[in-house]
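A.B. asks: Data: model.cif, mmCIF, C-alpha atoms and all ligand atoms.
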```cif
data_structure
loop_
_atom_site.group_PDB
_atom_site.id
_atom_site.type_symbol
_atom_site.label_atom_id
_atom_site.label_comp_id
_atom_site.auth_asym_id
_atom_site.auth_seq_id
_atom_site.Cartn_x
_atom_site.Cartn_y
_atom_site.Cartn_z
ATOM 1 C CA MET A 1 2.463 54.667 -60.315
ATOM 2 C CA ASP A 2 -0.700 53.036 -61.682
ATOM 3 C CA ILE A 3 -2.119 49.656 -60.695
ATOM 4 C CA LEU A 4 -5.250 48.069 -62.147
ATOM 5 C CA GLY A 5 -7.938 47.758 -59.453
ATOM 6 C CA ILE A 6 -10.862 45.386 -59.969
ATOM 7 C CA ASP A 7 -13.952 45.102 -57.781
ATOM 8 C CA ILE A 8 -16.080 41.949 -58.061
ATOM 9 C CA GLY A 9 -19.697 42.551 -57.068
ATOM 10 C CA GLY A 10 -22.905 40.566 -57.325
ATOM 11 C CA SER A 11 -24.213 42.510 -60.323
ATOM 12 C CA GLY A 12 -21.117 44.003 -61.917
ATOM 13 C CA ILE A 13 -17.353 43.516 -62.131
ATOM 14 C CA LYS A 14 -15.656 46.899 -62.428
ATOM 15 C CA GLY A 15 -12.085 47.921 -63.028
ATOM 16 C CA ALA A 16 -9.876 50.926 -63.672
ATOM 17 C CA PRO A 17 -6.212 51.863 -63.404
ATOM 18 C CA VAL A 18 -5.551 53.731 -60.142
ATOM 19 C CA ASN A 19 -2.929 56.346 -59.412
ATOM 20 C CA LEU A 20 -1.637 55.296 -55.998
ATOM 21 C CA GLU A 21 -0.199 58.662 -55.010
ATOM 22 C CA ARG A 22 -3.575 60.380 -55.371
ATOM 23 C CA GLY A 23 -5.968 57.432 -55.000
ATOM 24 C CA GLU A 24 -7.702 58.435 -58.231
ATOM 25 C CA LEU A 25 -8.836 56.509 -61.284
ATOM 26 C CA THR A 26 -6.719 57.482 -64.270
ATOM 27 C CA GLN A 27 -9.105 56.102 -66.919
ATOM 28 C CA PRO A 28 -12.886 55.695 -66.982
ATOM 29 C CA ARG A 29 -14.108 52.670 -65.061
ATOM 30 C CA HIS A 30 -15.023 49.658 -67.211
ATOM 31 C CA ARG A 31 -17.912 47.476 -66.046
ATOM 32 C CA ILE A 32 -18.895 43.991 -67.192
ATOM 33 C CA VAL A 33 -22.063 42.329 -65.929
ATOM 34 C CA THR A 34 -21.322 39.553 -63.414
ATOM 35 C CA PRO A 35 -21.916 36.221 -65.186
ATOM 36 C CA GLU A 36 -24.696 33.943 -63.997
ATOM 37 C CA PRO A 37 -23.912 31.582 -62.472
ATOM 38 C CA ALA A 38 -20.769 33.353 -61.246
ATOM 39 C CA THR A 39 -18.625 30.217 -61.266
ATOM 40 C CA PRO A 40 -14.836 30.535 -60.873
ATOM 41 C CA ASP A 41 -14.154 29.957 -64.575
ATOM 42 C CA ALA A 42 -16.865 32.394 -65.723
ATOM 43 C CA VAL A 43 -15.596 35.136 -63.394
ATOM 44 C CA ALA A 44 -11.979 34.446 -64.372
ATOM 45 C CA ASP A 45 -12.916 35.047 -68.028
ATOM 46 C CA VAL A 46 -14.380 38.451 -67.095
ATOM 47 C CA ILE A 47 -11.225 39.385 -65.152
ATOM 48 C CA GLY A 48 -9.195 38.408 -68.224
ATOM 49 C CA ALA A 49 -11.458 40.570 -70.419
ATOM 50 C CA LEU A 50 -11.027 43.568 -68.090
ATOM 51 C CA ALA A 51 -7.226 43.279 -68.161
ATOM 52 C CA HIS A 52 -7.435 42.992 -71.955
ATOM 53 C CA HIS A 53 -9.703 46.062 -72.171
ATOM 54 C CA PHE A 54 -6.991 48.176 -70.511
ATOM 55 C CA ASP A 55 -4.238 46.301 -72.376
ATOM 56 C CA TRP A 56 -2.795 45.725 -68.891
ATOM 57 C CA ARG A 57 0.665 44.193 -68.297
ATOM 58 C CA GLY A 58 1.368 45.284 -64.716
ATOM 59 C CA PRO A 59 0.170 44.327 -61.241
ATOM 60 C CA ILE A 60 -3.536 43.913 -60.511
ATOM 61 C CA GLY A 61 -5.438 44.100 -57.214
ATOM 62 C CA CYS A 62 -8.828 42.418 -57.139
ATOM 63 C CA THR A 63 -11.585 42.245 -54.513
ATOM 64 C CA PHE A 64 -13.838 39.288 -53.764
ATOM 65 C CA PRO A 65 -16.993 39.322 -51.594
ATOM 66 C CA ALA A 66 -15.906 36.477 -49.295
ATOM 67 C CA VAL A 67 -13.093 35.352 -46.993
ATOM 68 C CA VAL A 68 -9.832 35.302 -48.966
ATOM 69 C CA GLN A 69 -6.731 33.946 -47.320
ATOM 70 C CA ARG A 70 -3.490 33.882 -49.314
ATOM 71 C CA GLY A 71 -5.545 33.959 -52.523
ATOM 72 C CA ILE A 72 -7.867 31.114 -51.592
ATOM 73 C CA VAL A 73 -11.605 31.742 -51.168
ATOM 74 C CA TRP A 74 -12.957 30.210 -47.958
ATOM 75 C CA SER A 75 -16.598 31.310 -47.741
ATOM 76 C CA ALA A 76 -19.523 31.914 -50.084
ATOM 77 C CA ALA A 77 -22.354 33.797 -48.328
ATOM 78 C CA ASN A 78 -23.435 35.703 -51.457
ATOM 79 C CA VAL A 79 -21.430 33.979 -54.191
ATOM 80 C CA ASP A 80 -21.551 30.662 -56.033
ATOM 81 C CA LYS A 81 -20.732 27.871 -53.561
ATOM 82 C CA SER A 82 -18.281 26.317 -56.049
ATOM 83 C CA TRP A 83 -15.816 29.070 -55.056
ATOM 84 C CA ILE A 84 -14.987 27.513 -51.703
ATOM 85 C CA GLY A 85 -11.401 26.237 -51.667
ATOM 86 C CA VAL A 86 -10.556 27.794 -55.067
ATOM 87 C CA ASP A 87 -7.284 29.714 -55.413
ATOM 88 C CA GLY A 88 -8.753 32.786 -57.116
ATOM 89 C CA GLN A 89 -5.386 34.469 -57.221
ATOM 90 C CA VAL A 90 -3.861 31.692 -59.349
ATOM 91 C CA LEU A 91 -7.009 31.422 -61.483
ATOM 92 C CA PHE A 92 -7.076 35.151 -62.307
ATOM 93 C CA HIS A 93 -3.327 35.211 -62.872
ATOM 94 C CA ARG A 94 -3.903 32.609 -65.573
ATOM 95 C CA THR A 95 -6.537 34.628 -67.460
ATOM 96 C CA THR A 96 -4.744 37.985 -67.124
ATOM 97 C CA GLY A 97 -1.092 36.934 -67.341
ATOM 98 C CA CYS A 98 -0.402 39.593 -64.682
ATOM 99 C CA PRO A 99 0.790 39.418 -61.050
ATOM 100 C CA LEU A 100 -2.368 39.666 -58.977
ATOM 101 C CA VAL A 101 -3.497 40.028 -55.362
ATOM 102 C CA LEU A 102 -6.982 38.935 -54.307
ATOM 103 C CA LEU A 103 -8.556 40.223 -51.095
ATOM 104 C CA ASN A 104 -11.901 40.598 -49.338
ATOM 105 C CA ASP A 105 -14.038 43.448 -50.744
ATOM 106 C CA ALA A 106 -14.681 45.214 -47.430
ATOM 107 C CA ASP A 107 -10.988 44.962 -46.502
ATOM 108 C CA ALA A 108 -10.162 46.659 -49.808
ATOM 109 C CA ALA A 109 -12.741 49.402 -49.260
ATOM 110 C CA GLY A 110 -11.339 49.934 -45.765
ATOM 111 C CA LEU A 111 -7.756 50.238 -47.046
ATOM 112 C CA ALA A 112 -8.919 52.911 -49.499
ATOM 113 C CA GLU A 113 -10.849 54.863 -46.842
ATOM 114 C CA MET A 114 -7.914 54.717 -44.406
ATOM 115 C CA GLU A 115 -5.462 56.003 -47.005
ATOM 116 C CA PHE A 116 -7.550 58.525 -48.951
ATOM 117 C CA GLY A 117 -10.950 58.860 -47.288
ATOM 118 C CA ALA A 118 -12.775 59.078 -43.977
ATOM 119 C CA GLY A 119 -10.100 57.174 -42.041
ATOM 120 C CA GLN A 120 -7.086 59.259 -43.052
ATOM 121 C CA GLY A 121 -4.754 59.761 -40.116
ATOM 122 C CA GLN A 122 -7.067 57.907 -37.701
ATOM 123 C CA SER A 123 -5.376 55.847 -35.014
ATOM 124 C CA GLY A 124 -6.973 53.531 -32.460
ATOM 125 C CA VAL A 125 -9.693 51.064 -33.439
ATOM 126 C CA VAL A 126 -11.437 51.965 -36.695
ATOM 127 C CA MET A 127 -14.314 49.834 -37.964
ATOM 128 C CA MET A 128 -15.268 50.133 -41.612
ATOM 129 C CA LEU A 129 -18.658 48.587 -42.411
ATOM 130 C CA THR A 130 -20.059 48.228 -45.926
ATOM 131 C CA PHE A 131 -23.788 47.895 -46.486
ATOM 132 C CA GLY A 132 -24.835 46.381 -49.806
ATOM 133 C CA THR A 133 -25.982 42.896 -50.807
ATOM 134 C CA GLY A 134 -24.390 41.756 -47.553
ATOM 135 C CA ILE A 135 -22.570 43.525 -44.731
ATOM 136 C CA GLY A 136 -18.803 43.621 -44.984
ATOM 137 C CA SER A 137 -16.341 44.674 -42.291
ATOM 138 C CA ALA A 138 -12.739 45.844 -42.112
ATOM 139 C CA LEU A 139 -11.080 46.324 -38.733
ATOM 140 C CA PHE A 140 -8.054 48.606 -38.350
ATOM 141 C CA ILE A 141 -5.890 48.925 -35.275
ATOM 142 C CA ASN A 142 -3.604 51.961 -35.462
ATOM 143 C CA GLY A 143 -3.938 51.834 -39.241
ATOM 144 C CA GLN A 144 -3.137 48.111 -39.483
ATOM 145 C CA LEU A 145 -5.818 45.923 -41.098
ATOM 146 C CA VAL A 146 -7.003 42.752 -39.343
ATOM 147 C CA PRO A 147 -8.202 40.888 -42.455
ATOM 148 C CA ASN A 148 -11.338 38.787 -42.982
ATOM 149 C CA THR A 149 -13.266 39.842 -39.879
ATOM 150 C CA GLU A 150 -16.672 38.914 -41.440
ATOM 151 C CA LEU A 151 -18.703 40.868 -38.886
ATOM 152 C CA GLY A 152 -21.739 40.977 -41.163
ATOM 153 C CA HIS A 153 -22.375 37.490 -39.879
ATOM 154 C CA LEU A 154 -22.697 38.418 -36.214
ATOM 155 C CA GLU A 155 -25.955 37.118 -34.794
ATOM 156 C CA VAL A 156 -28.645 39.739 -34.109
ATOM 157 C CA ARG A 157 -32.082 38.559 -32.872
ATOM 158 C CA GLY A 158 -31.036 34.976 -33.673
ATOM 159 C CA LYS A 159 -30.274 35.838 -37.291
ATOM 160 C CA ASP A 160 -27.228 36.533 -39.412
ATOM 161 C CA ALA A 161 -26.939 40.336 -39.108
ATOM 162 C CA GLU A 162 -26.668 40.923 -42.848
ATOM 163 C CA THR A 163 -30.007 39.204 -43.466
ATOM 164 C CA ARG A 164 -31.616 41.879 -41.220
ATOM 165 C CA ALA A 165 -29.643 45.023 -41.923
ATOM 166 C CA ALA A 166 -27.889 44.908 -45.317
ATOM 167 C CA ALA A 167 -28.934 47.649 -47.776
ATOM 168 C CA ARG A 168 -30.501 44.933 -49.936
ATOM 169 C CA VAL A 169 -32.928 44.097 -47.094
ATOM 170 C CA ARG A 170 -34.131 47.705 -47.004
ATOM 171 C CA ASP A 171 -35.039 47.485 -50.687
ATOM 172 C CA GLU A 172 -36.512 43.991 -50.526
ATOM 173 C CA LYS A 173 -38.656 44.649 -47.466
ATOM 174 C CA GLY A 174 -39.564 48.184 -48.520
ATOM 175 C CA LEU A 175 -38.323 49.572 -45.169
ATOM 176 C CA ASP A 176 -38.250 53.356 -44.829
ATOM 177 C CA TRP A 177 -35.005 54.998 -43.697
ATOM 178 C CA LYS A 178 -36.112 55.180 -40.076
ATOM 179 C CA GLN A 179 -37.145 51.508 -39.939
ATOM 180 C CA TRP A 180 -33.906 50.431 -41.561
ATOM 181 C CA SER A 181 -31.866 52.650 -39.210
ATOM 182 C CA LYS A 182 -33.459 50.885 -36.245
ATOM 183 C CA ARG A 183 -32.001 47.634 -37.541
ATOM 184 C CA ILE A 184 -28.647 49.322 -38.148
ATOM 185 C CA ASN A 185 -28.650 50.654 -34.595
ATOM 186 C CA GLU A 186 -29.136 47.164 -33.174
ATOM 187 C CA TYR A 187 -26.239 46.014 -35.294
ATOM 188 C CA LEU A 188 -23.995 48.942 -34.333
ATOM 189 C CA GLY A 189 -24.853 48.237 -30.693
ATOM 190 C CA MET A 190 -23.512 44.716 -31.106
ATOM 191 C CA ILE A 191 -20.353 45.975 -32.825
ATOM 192 C CA GLU A 192 -19.777 48.467 -29.993
ATOM 193 C CA LYS A 193 -20.385 45.868 -27.299
ATOM 194 C CA LEU A 194 -17.727 43.610 -28.800
ATOM 195 C CA PHE A 195 -15.127 46.018 -30.233
ATOM 196 C CA SER A 196 -15.545 49.527 -28.741
ATOM 197 C CA PRO A 197 -14.362 51.211 -31.940
ATOM 198 C CA ASP A 198 -13.078 54.792 -31.797
ATOM 199 C CA LEU A 199 -14.564 55.487 -35.217
ATOM 200 C CA ILE A 200 -17.094 53.744 -37.446
ATOM 201 C CA ILE A 201 -16.929 54.378 -41.207
ATOM 202 C CA PHE A 202 -20.247 53.689 -42.890
ATOM 203 C CA GLY A 203 -19.650 52.434 -46.434
ATOM 204 C CA GLY A 204 -21.323 50.769 -49.389
ATOM 205 C CA GLY A 205 -23.310 52.429 -52.178
ATOM 206 C CA VAL A 206 -25.979 53.506 -49.678
ATOM 207 C CA SER A 207 -23.475 55.765 -47.877
ATOM 208 C CA LYS A 208 -24.035 58.259 -50.711
ATOM 209 C CA GLU A 209 -27.508 58.740 -49.249
ATOM 210 C CA HIS A 210 -26.292 59.327 -45.697
ATOM 211 C CA GLY A 211 -28.239 62.585 -45.539
ATOM 212 C CA LYS A 212 -31.445 60.517 -45.444
ATOM 213 C CA PHE A 213 -30.675 58.348 -42.422
ATOM 214 C CA PHE A 214 -27.602 59.436 -40.457
ATOM 215 C CA GLN A 215 -29.797 61.504 -38.157
ATOM 216 C CA TYR A 216 -31.410 58.267 -36.914
ATOM 217 C CA LEU A 217 -28.148 56.477 -36.115
ATOM 218 C CA GLU A 218 -27.230 55.967 -32.473
ATOM 219 C CA SER A 219 -23.793 54.924 -31.335
ATOM 220 C CA ARG A 220 -21.166 55.863 -28.785
ATOM 221 C CA ALA A 221 -18.433 56.103 -31.401
ATOM 222 C CA PRO A 222 -18.708 58.748 -34.113
ATOM 223 C CA VAL A 223 -20.157 57.327 -37.343
ATOM 224 C CA VAL A 224 -18.945 58.979 -40.544
ATOM 225 C CA PRO A 225 -19.897 58.254 -44.146
ATOM 226 C CA ALA A 226 -17.311 56.752 -46.471
ATOM 227 C CA VAL A 227 -16.072 59.263 -48.990
ATOM 228 C CA LEU A 228 -14.928 57.068 -51.871
ATOM 229 C CA PHE A 229 -18.374 55.512 -52.477
ATOM 230 C CA ASN A 230 -18.304 53.167 -55.480
ATOM 231 C CA GLU A 231 -14.605 53.615 -56.084
ATOM 232 C CA ALA A 232 -13.405 52.363 -52.693
ATOM 233 C CA GLY A 233 -13.150 48.718 -53.813
ATOM 234 C CA ILE A 234 -11.168 49.535 -56.956
ATOM 235 C CA VAL A 235 -8.805 51.937 -55.164
ATOM 236 C CA GLY A 236 -8.327 49.582 -52.184
ATOM 237 C CA ALA A 237 -7.645 46.618 -54.452
ATOM 238 C CA ALA A 238 -4.946 48.630 -56.212
ATOM 239 C CA LEU A 239 -3.445 49.642 -52.852
ATOM 240 C CA ALA A 240 -3.298 45.996 -51.784
ATOM 241 C CA ALA A 241 -1.308 45.159 -54.928
ATOM 242 C CA ARG A 242 1.275 47.878 -54.244
ATOM 243 C CA SER A 243 3.811 45.408 -52.865
ATOM 244 C CA LEU A 244 3.618 43.437 -56.133
ATOM 245 C CA ALA A 245 4.582 46.566 -58.010
ATOM 246 C CA SER A 246 7.644 47.127 -55.853
ATOM 247 C CA GLU A 247 8.630 43.463 -56.261
ATOM 248 C CA GLN A 248 8.387 43.891 -60.029
ATOM 249 C CA ALA A 249 10.479 47.041 -59.877
ATOM 250 C CA VAL A 250 13.149 45.196 -57.888
ATOM 251 C CA ALA A 251 13.066 42.302 -60.388
ATOM 252 C CA LEU A 252 13.534 44.722 -63.326
ATOM 253 C CA HIS A 253 16.652 46.195 -61.726
ATOM 254 C CA GLN A 254 18.295 42.844 -61.030
HETATM 255 C C1 LIG B 301 -19.346 38.226 -47.018
HETATM 256 C C2 LIG B 301 -18.149 39.113 -46.792
HETATM 257 C C3 LIG B 301 -18.246 40.346 -47.669
HETATM 258 C C4 LIG B 301 -19.576 41.046 -47.453
HETATM 259 C C5 LIG B 301 -19.774 42.233 -48.373
HETATM 260 C C6 LIG B 301 -20.612 39.026 -46.789
HETATM 261 O O1 LIG B 301 -21.722 38.211 -47.038
HETATM 262 O O2 LIG B 301 -19.329 37.122 -46.119
HETATM 263 O O3 LIG B 301 -16.961 38.414 -47.082
HETATM 264 O O4 LIG B 301 -17.197 41.221 -47.353
HETATM 265 O O5 LIG B 301 -20.651 40.151 -47.668
HETATM 266 O O6 LIG B 301 -19.733 41.863 -49.705
#
```
How does this structure look as structure tokens?
C.D. replies:
Amino acid sequence: MDILGIDIGGSGIKGAPVNLERGELTQPRHRIVTPEPATPDAVADVIGALAHHFDWRGPIGCTFPAVVQRGIVWSAANVDKSWIGVDGQVLFHRTTGCPLVLLNDADAAGLAEMEFGAGQGQSGVVMMLTFGTGIGSALFINGQLVPNTELGHLEVRGKDAETRAAARVRDEKGLDWKQWSKRINEYLGMIEKLFSPDLIIFGGGVSKEHGKFFQYLESRAPVVPAVLFNEAGIVGAALAARSLASEQAVALHQ
């Protein structure tokens, strides 16, 4: 069964149909530049255009880089502040005409890694962390997601952790891999102190380059790179919408 997965990022909004048995994209990914400012209506138009591009009529899963509870966006660390309190799920349903589930981007990436990637078959406490514009987190206990953990906003050295250790900070401050890893280690230390994970999955685009910095990472729990890289958000979004697909199937047979 295919579900359209959409991943909303700061620079691009990407989508592709996903085969849920294999966790693979069944058509080439389509990317549209994130509008500026990325207001709810402007983003909703892009989501509508993506659904139209694939001529999509079925369920859609969509990520959002903020707290999302029952479709409503409740934070805006790296997105337009006008999103707070908006029901993104209803808004995107209107521009796509399709049943749609909206969820946090790191939660989606974590779902994908647990099902098809580095977390497959892992029990206990698994912490997925994504390093990009911000730091996202997805906490799994025996495979069950605890949504919206927002651990990129833990305080390290009196600052929001993501403003010290996100991948963006490495670029902006021109830190070398070793300097950046030192910041990551402080952050991982905090995560370990509070959660004692059994496994840490290191995600975000930068995980592709793990060969350049994993040797500097220090933690009690094993740290493994994510394996789905840029596709994790799309695949995880589609996974999250799986229940919509079964509801539709039930409705068709009634
Ligand atoms: C947001 C999270 C998001 C993460 C990664 C953080 O700034 O608060 O909701 O998961 O960035 O995009």
A.B. asks: Using all atoms listed in the file, which residues of the polymer chains come no farther than 6 Å from ligand LIG 301 (chain B)? I'd like the answer as a PyMOL selection string.
C.D. replies: chain A and resi 65-67+77-78+104-106+134-136+150
A.B. asks: Counting all atoms listed in the file, figure out which residue out of A:Pro40, A:Pro147, A:Gly12, A:Gly132 gets nearest to Gly85 in chain A.
C.D. replies: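 Closest to Gly85 in chain A of all the choices is A:Pro40.
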A.B. asks: Using all atoms listed in the file and a cutoff of 12 Å, can you tell me which residues are near (-4.7, 60.9, -56.4) in the file's coordinates, and write them out as a list in words?
C.D. replies: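 Using all atoms listed in the file, the matching residues come out as Met1, Asp2, Pro17, Val18, Asn19, Leu20, Glu21, Arg22, Gly23, Glu24, Leu25, Thr26, Ala112, Glu115, Phe116, Gly117, Leu228, Val235 and Leu239 of chain A.
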A.B. asks: I would like the residues chosen by the PyMOL selection byres (((chain A and resi 156) around 10) and not hetatm) on the shown file; could you give them as an MDAnalysis selection string?
C.D. replies: chainID A and resid 152:155 157:165 183 186:187 189:190
A.B. asks: Determine the residue set returned by the PyMOL selection byres (((chain A and resi 232) around 9) and not hetatm) for the present structure, and present it as a ChimeraX atom specification.
C.D. replies: /A:7,106,108-113,117,203-204,226-231,233-237
A.B. asks: For the structure provided, state which residues fall under the PyMOL selection byres (((chain A and resi 129) around 7) and not hetatm), and present them as a compact mmCIF listing (two decimals) with C-alpha atoms, in the frame of the given file.
C.D. replies:
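What landed in selection14.txt:
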```txt
# COMPACT_ATOMS: atom_id res chain seq x y z
CA MET A 127 -14.31 49.83 -37.96
CA MET A 128 -15.27 50.13 -41.61
CA THR A 130 -20.06 48.23 -45.93
CA PHE A 131 -23.79 47.90 -46.49
CA ILE A 135 -22.57 43.52 -44.73
CA GLY A 136 -18.80 43.62 -44.98
CA SER A 137 -16.34 44.67 -42.29
CA ALA A 138 -12.74 45.84 -42.11
CA ILE A 201 -16.93 54.38 -41.21
CA PHE A 202 -20.25 53.69 -42.89
CA GLY A 203 -19.65 52.43 -46.43
```
A.B. asks: Any idea what the distance is between CA of Tyr216 in chain A and CA of Ser181 in chain A?
C.D. replies: 6.1 Å
A.B. asks: Looking at all atoms listed in the file, which of A:Glu172, A:Arg242, A:Gln179, A:Ser219 is the one that sits closest to Gly5 in chain A?
C.D. replies: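 Of the candidates, the smallest distance to Gly5 in chain A is held by A:Arg242.
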A.B. asks: Which of these, A:Val223, A:Val206, A:Leu194, A:Val146, has the shortest distance to Trp180 in chain A once you count only C-alpha atoms?
C.D. replies: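 Closest to Trp180 in chain A of all the choices is A:Val206.
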A.B. asks: Can you tell me which residues surround Ser82 in chain A at a distance of at most 7 Å, considering all atoms listed in the file, apart from same-chain residues fewer than 2 positions away, and format the answer as number ranges by chain?
C.D. replies: A: 39, 80, 84
A.B. asks: Restricting the calculation to all atoms listed in the file: of A:Ile6, A:Ile32, A:Leu188, A:Leu175, which residue gets closest to Val46 in chain A?
C.D. replies: A:Ile32
A.B. asks: Quote the spacing between CA of Lys178 in chain A and CA of Lys208 in chain A in Å to one decimal place.
C.D. replies: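 Computing it gives 16.4 Å between the two atoms.
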A.B. asks: Which residues, written as a list in words, have at least one atom at most 7 Å from Leu103 in chain A, with all atoms listed in the file counted and residues fewer than 4 positions away on the same chain left out?
C.D. replies: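 The residues satisfying every condition are Cys62, Thr63, Phe64, Val68 and Ala108 of chain A.
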A.B. asks: Selected residues, C-alpha atoms, written as a PDB file, in the frame of the given file, please.
C.D. replies:
```pdb
ATOM      1  CA  CYS A  62      -8.828  42.418 -57.139  1.00  0.00           C
ATOM      2  CA  THR A  63     -11.585  42.245 -54.513  1.00  0.00           C
ATOM      3  CA  PHE A  64     -13.838  39.288 -53.764  1.00  0.00           C
ATOM      4  CA  VAL A  68      -9.832  35.302 -48.966  1.00  0.00           C
ATOM      5  CA  ALA A 108     -10.162  46.659 -49.808  1.00  0.00           C
TER       6      ALA A 108
END
```
A.B. asks: What is the distance, in Å and to one decimal place, between CA of Ser196 in chain A and CA of Pro222 in chain A?
C.D. replies: 11.1 Å
A.B. asks: Edge lengths and centre, in Å to one decimal, as JSON: that's what I need for the box along x, y and z that holds all listed atoms of range 41-51 of chain A plus 6 Å on each side.
C.D. replies:
```
{"center_x": -12.0, "center_y": 36.8, "center_z": -66.9, "size_x": 21.6, "size_y": 25.6, "size_z": 19.0}
```
